[in-house]
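Encoded as structure tokens, the structure appears first; notes follow it.
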Amino acid sequence: MSQYIPLIKRHATRLRLSSIGSNISRLLEEAEQDHPSYDELICNLFSHEVKEREAKQMIIRIKLAKLPLMHDLDQYDYAFTSGLSPTQLNQLRELNWLDQCYNIMLSGPSGTGKTFISAGLGYDALRRGYKTYFRNISDILSTLRLKELSASASREFKRLSESQLIIIDDVMTLPLNKDDGNRFFVFINQIYETTSFIITTNKSPAEWARSLDDETLATALLDRLLHKCQLIMLEGDSYRMQNRKTIF
């Protein structure tokens with residue numbers, strides 16, 4: 001072992017280059033075999049550190065995003081027809097709409113792929129470096145109720161407020177009381193110009209007024225969400241029921 005390796009490790013630790021410090025022996029052995037130039041060696045060392053940091057940051061971002069287990073659109077079953085063509089899905093996966101701060105609303109019955117598609121687009125956004133979070137409407141409302149009372153809810157509210165994409169699952173599946181409806185509107189109104197949303201719902205926009213029991217509030221909420229929005233209607237039988245598993 002080179003006499004300089006312990007010193008390199010100490011310097012790497014002090015400079016918080018943990019990946020270089022942990023892997024310096026292997027990296028130098030590879031350099032002895034490949035005979036890179038000095039500048040190439042330095043570039044390789046820093047590239048290794050950057051890749052390791054990005055991989056760790058991706059793990060943290062995925063954990064904070066709280067995506068469902070099924071979230072990889074590369075596994076999408078194109079044999080299941082729900083109203084979204086492969087061409088349309090691939091176009092959505094390009095994320096041009098996200099760069100332009102557009103929203104997507106996925107509407108349709110249970111089992112037609114709303115959650116899977118929305119989570120998959122969220123995963124694509126995460127891999128492209130966007131601050132992305134997946135929450136159901138109950139999670140959002142809980143955060144809004146507790147943000148002034150709980151440190152964890154306050155941190156969650158700050159994350160959501162600074163996000164680039166929020167996926168809100170199951171919006172209006174259950175009726176919202178007036179206080180929760182107002183909280184939700186204030187939240188959307190606060191960030192809709194700088195944050196994109198993917199909304200999944202089994203209610204048509206016309207039914208939101210009944211779920212909120214307030215036509216004026218529903219109109220104001222939809223006005224903000226639908227101003228720059230692609231509404232996608234999914235249909236068909238439940239994918240889960242078509243692919244139901246048994247214990248036998």
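Please note that chains go A, B, ... in the order of the structure tokens, that every chain numbers its residues from 1, and that ligands are numbered from 1 in the order shown.
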DSSP says helix (DSSP H, G or I) for which residues of stretch 7-180 of chain A? Put them as a ChimeraX atom specification? /A:7-14,18-34,38-65,73-75,86-93,96-99,114-127,137-146,151-161,178-180
So that I can see what lies close to A:Leu222, please list as a list in words the residues with an atom at most 9 Å from it, counting only C-alpha atoms and leaving out residues fewer than 5 positions away in the same chain. Pro205, Trp208, Leu217 and His227 of chain A
Could you dump the residues just selected with C-alpha atoms as a PDB file, in the first residue's frame?
ATOM      1  CA  PRO A 205     -64.557  18.345 -12.403  1.00  0.00           C
ATOM      2  CA  TRP A 208     -66.078  18.504  -7.274  1.00  0.00           C
ATOM      3  CA  LEU A 217     -64.771  27.148  -3.765  1.00  0.00           C
ATOM      4  CA  HIS A 227     -55.749  26.868 -16.223  1.00  0.00           C
TER       5      HIS A 227
END
Can you check which parts of stretch 149-228 of chain A lie within 7 Å of stretch 106-121 of chain A? Per residue, the shortest pair of atoms and distance in Å to one decimal, counting only C-alpha atoms, sorted by chain and number, as a Markdown table.
| residue | atom | partner | partner_atom | distance |
| --- | --- | --- | --- | --- |
| A:Ile167 | CA | A:Ser118 | CA | 6.8 |
| A:Asp169 | CA | A:Thr115 | CA | 6.7 |
| A:Ile198 | CA | A:Ser118 | CA | 6.5 |
| A:Ile199 | CA | A:Leu106 | CA | 6.1 |
| A:Thr200 | CA | A:Leu106 | CA | 4.8 |
| A:Thr201 | CA | A:Ser107 | CA | 5.0 |
| A:Asn202 | CA | A:Gly108 | CA | 4.9 |
| A:Lys203 | CA | A:Ser107 | CA | 6.7 |
| A:Ser204 | CA | A:Ser107 | CA | 6.7 |
Write to file, as a short mmCIF file (atom, residue, chain, number, x, y, z; two decimals), in the first residue's frame, the residues of the selection just made, with N, CA and C atoms.
data_model
loop_
_atom_site.label_atom_id
_atom_site.label_comp_id
_atom_site.auth_asym_id
_atom_site.auth_seq_id
_atom_site.Cartn_x
_atom_site.Cartn_y
_atom_site.Cartn_z
N ILE A 167 -47.67 15.21 -6.66
CA ILE A 167 -48.71 14.28 -7.11
C ILE A 167 -49.68 14.10 -5.96
N ASP A 169 -52.95 12.16 -4.85
CA ASP A 169 -53.72 10.98 -5.22
C ASP A 169 -55.09 10.99 -4.53
N ILE A 198 -49.85 16.72 -10.46
CA ILE A 198 -50.57 15.62 -11.09
C ILE A 198 -51.67 15.24 -10.11
N ILE A 199 -52.91 15.37 -10.54
CA ILE A 199 -54.06 15.07 -9.71
C ILE A 199 -54.69 13.77 -10.20
N THR A 200 -54.95 12.84 -9.31
CA THR A 200 -55.74 11.66 -9.67
C THR A 200 -57.07 11.74 -8.93
N THR A 201 -58.13 11.43 -9.63
CA THR A 201 -59.46 11.54 -9.04
C THR A 201 -60.43 10.62 -9.77
N ASN A 202 -61.42 10.14 -9.03
CA ASN A 202 -62.48 9.36 -9.68
C ASN A 202 -63.74 10.21 -9.88
N LYS A 203 -63.58 11.52 -9.67
CA LYS A 203 -64.70 12.45 -9.86
C LYS A 203 -64.41 13.36 -11.04
N SER A 204 -65.40 13.64 -11.82
CA SER A 204 -65.24 14.63 -12.89
C SER A 204 -65.18 16.01 -12.26
#
Within 10 Å of stretch 138-151 of chain A using only C-alpha atoms, minus same-chain residues under 3 positions, as a PDB file with C-alpha atoms, in the first residue's frame:
ATOM      1  CA  PHE A 134     -46.309  11.805  -3.972  1.00  0.00           C
ATOM      2  CA  ARG A 135     -49.058  12.272  -1.385  1.00  0.00           C
ATOM      3  CA  SER A 154     -43.967  22.206   9.327  1.00  0.00           C
ATOM      4  CA  ARG A 155     -40.965  20.599   7.586  1.00  0.00           C
ATOM      5  CA  GLU A 156     -43.294  18.651   5.312  1.00  0.00           C
ATOM      6  CA  PHE A 157     -45.193  21.815   4.411  1.00  0.00           C
ATOM      7  CA  LYS A 158     -41.925  23.567   3.572  1.00  0.00           C
ATOM      8  CA  LEU A 160     -44.176  20.700  -0.508  1.00  0.00           C
ATOM      9  CA  ILE A 168     -51.945  14.330  -5.136  1.00  0.00           C
ATOM     10  CA  ASP A 169     -53.724  10.978  -5.216  1.00  0.00           C
ATOM     11  CA  ASP A 170     -57.446  10.324  -4.717  1.00  0.00           C
ATOM     12  CA  VAL A 171     -58.590  13.947  -4.702  1.00  0.00           C
ATOM     13  CA  LEU A 174     -64.311  11.422  -0.111  1.00  0.00           C
ATOM     14  CA  LEU A 176     -64.119  17.481   2.204  1.00  0.00           C
ATOM     15  CA  ASP A 179     -62.371  23.955   6.703  1.00  0.00           C
ATOM     16  CA  ASP A 180     -60.347  21.327   4.840  1.00  0.00           C
ATOM     17  CA  GLY A 181     -61.635  22.616   1.524  1.00  0.00           C
ATOM     18  CA  ARG A 183     -57.087  24.891   3.548  1.00  0.00           C
ATOM     19  CA  PHE A 184     -56.627  22.945   0.325  1.00  0.00           C
ATOM     20  CA  VAL A 186     -55.171  28.262   0.051  1.00  0.00           C
ATOM     21  CA  PHE A 187     -52.353  25.744  -0.417  1.00  0.00           C
TER      22      PHE A 187
END
I need the strand (DSSP E) residues of stretch 151-214 of chain A per DSSP on the backbone, written as a VMD selection string. chain A and resid 165 to 169 196 to 201
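Distance annotation: of A:Lys178, A:Asp223, A:Arg210, A:Ala125, the residue with the minimal separation from A:Leu92 is A:Ala125; atom set is only C-alpha atoms.
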If you count only C-alpha atoms, which residues fall within 10 Å of A:Gly83, apart from same-chain ones fewer than 4 positions away, as an MDAnalysis selection string? chainID A and resid 88 108 112 232:236
Interatomic distance between atom CA of A:Thr195 and atom CA of A:Lys63?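 These two atoms are separated by 20.0 Å.
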Choose the residue, out of A:Leu73, A:Gln230, A:Asp214, A:Thr173, that has the smallest atom-to-atom separation from A:Trp97; count only C-alpha atoms.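 Distance minimum relative to A:Trp97 lands on A:Gln230.
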Counting only C-alpha atoms, closest pick from A:Cys43, A:Leu221, A:Val50, A:Leu165 relative to A:Leu17 is A:Val50
List the spatial neighbours of A:Tyr130 as an MDAnalysis selection string - criterion: any atom at most 10 Å away, only C-alpha atoms, same-chain residues fewer than 4 positions off excluded. chainID A and resid 61 98:99 122:126 163:165
What is the distance between atom CA of A:Ala220 and atom CA of A:Ala206, in Å to one decimal?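 So the two atoms, atom CA of A:Ala220 and atom CA of A:Ala206, lie 12.6 Å apart.
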Please, what distance in Å, to one decimal, runs between atom CA of A:Ile104 and atom CA of A:Gln57?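 Between atom CA of A:Ile104 and atom CA of A:Gln57 the gap is 26.5 Å.
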Please determine, counting only C-alpha atoms, which residue among A:Ala79, A:Ile166, A:Leu84, A:Ala218 has the shortest atom-to-atom distance to A:Leu64.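 Nearest to A:Leu64: A:Ile166.
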Could you tell me which of A:Arg128, A:Ile20, A:Ala65, A:Pro6 comes closest to A:Asn96 if we count only C-alpha atoms?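 When distances to A:Asn96 are compared using only C-alpha atoms, the smallest one comes from A:Arg128.
Those residues that approach A:Ser18 to within 10 Å, counting only C-alpha atoms, are Lys9, Arg10, His11, Ala12, Thr13, Arg14, Ser22, Asn23, Ile24, Glu49, Glu52 and Arg53 of chain A; same-chain residues fewer than 4 positions away are not listed.
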Keeping only N, CA and C atoms, write the selected residues as an mmCIF file, in the first residue's frame.
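File produced: again39.cif:
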data_model
loop_
_atom_site.group_PDB
_atom_site.id
_atom_site.type_symbol
_atom_site.label_atom_id
_atom_site.label_comp_id
_atom_site.auth_asym_id
_atom_site.auth_seq_id
_atom_site.Cartn_x
_atom_site.Cartn_y
_atom_site.Cartn_z
ATOM 1 N N LYS A 9 -6.717 9.575 2.636
ATOM 2 C CA LYS A 9 -7.978 9.273 3.317
ATOM 3 C C LYS A 9 -8.313 10.339 4.344
ATOM 4 N N ARG A 10 -7.296 10.797 5.096
ATOM 5 C CA ARG A 10 -7.554 11.836 6.100
ATOM 6 C C ARG A 10 -7.983 13.134 5.422
ATOM 7 N N HIS A 11 -7.274 13.494 4.347
ATOM 8 C CA HIS A 11 -7.645 14.714 3.621
ATOM 9 C C HIS A 11 -9.059 14.588 3.044
ATOM 10 N N ALA A 12 -9.375 13.417 2.497
ATOM 11 C CA ALA A 12 -10.704 13.203 1.908
ATOM 12 C C ALA A 12 -11.789 13.321 2.970
ATOM 13 N N THR A 13 -11.513 12.786 4.158
ATOM 14 C CA THR A 13 -12.473 12.883 5.257
ATOM 15 C C THR A 13 -12.687 14.334 5.663
ATOM 16 N N ARG A 14 -11.563 15.076 5.754
ATOM 17 C CA ARG A 14 -11.668 16.480 6.154
ATOM 18 C C ARG A 14 -12.431 17.291 5.113
ATOM 19 N N SER A 22 -13.046 6.308 0.812
ATOM 20 C CA SER A 22 -13.364 4.894 1.043
ATOM 21 C C SER A 22 -12.842 3.995 -0.074
ATOM 22 N N ASN A 23 -12.677 4.540 -1.261
ATOM 23 C CA ASN A 23 -12.344 3.704 -2.419
ATOM 24 C C ASN A 23 -10.996 4.036 -3.042
ATOM 25 N N ILE A 24 -10.171 4.822 -2.347
ATOM 26 C CA ILE A 24 -8.939 5.301 -2.959
ATOM 27 C C ILE A 24 -7.984 4.170 -3.341
ATOM 28 N N GLU A 49 -16.675 10.521 -7.120
ATOM 29 C CA GLU A 49 -17.313 11.150 -5.956
ATOM 30 C C GLU A 49 -18.694 11.703 -6.328
ATOM 31 N N GLU A 52 -21.293 8.864 -6.839
ATOM 32 C CA GLU A 52 -21.711 8.276 -5.570
ATOM 33 C C GLU A 52 -22.640 9.218 -4.809
ATOM 34 N N ARG A 53 -22.341 10.496 -4.834
ATOM 35 C CA ARG A 53 -23.210 11.454 -4.153
ATOM 36 C C ARG A 53 -24.576 11.518 -4.817
#
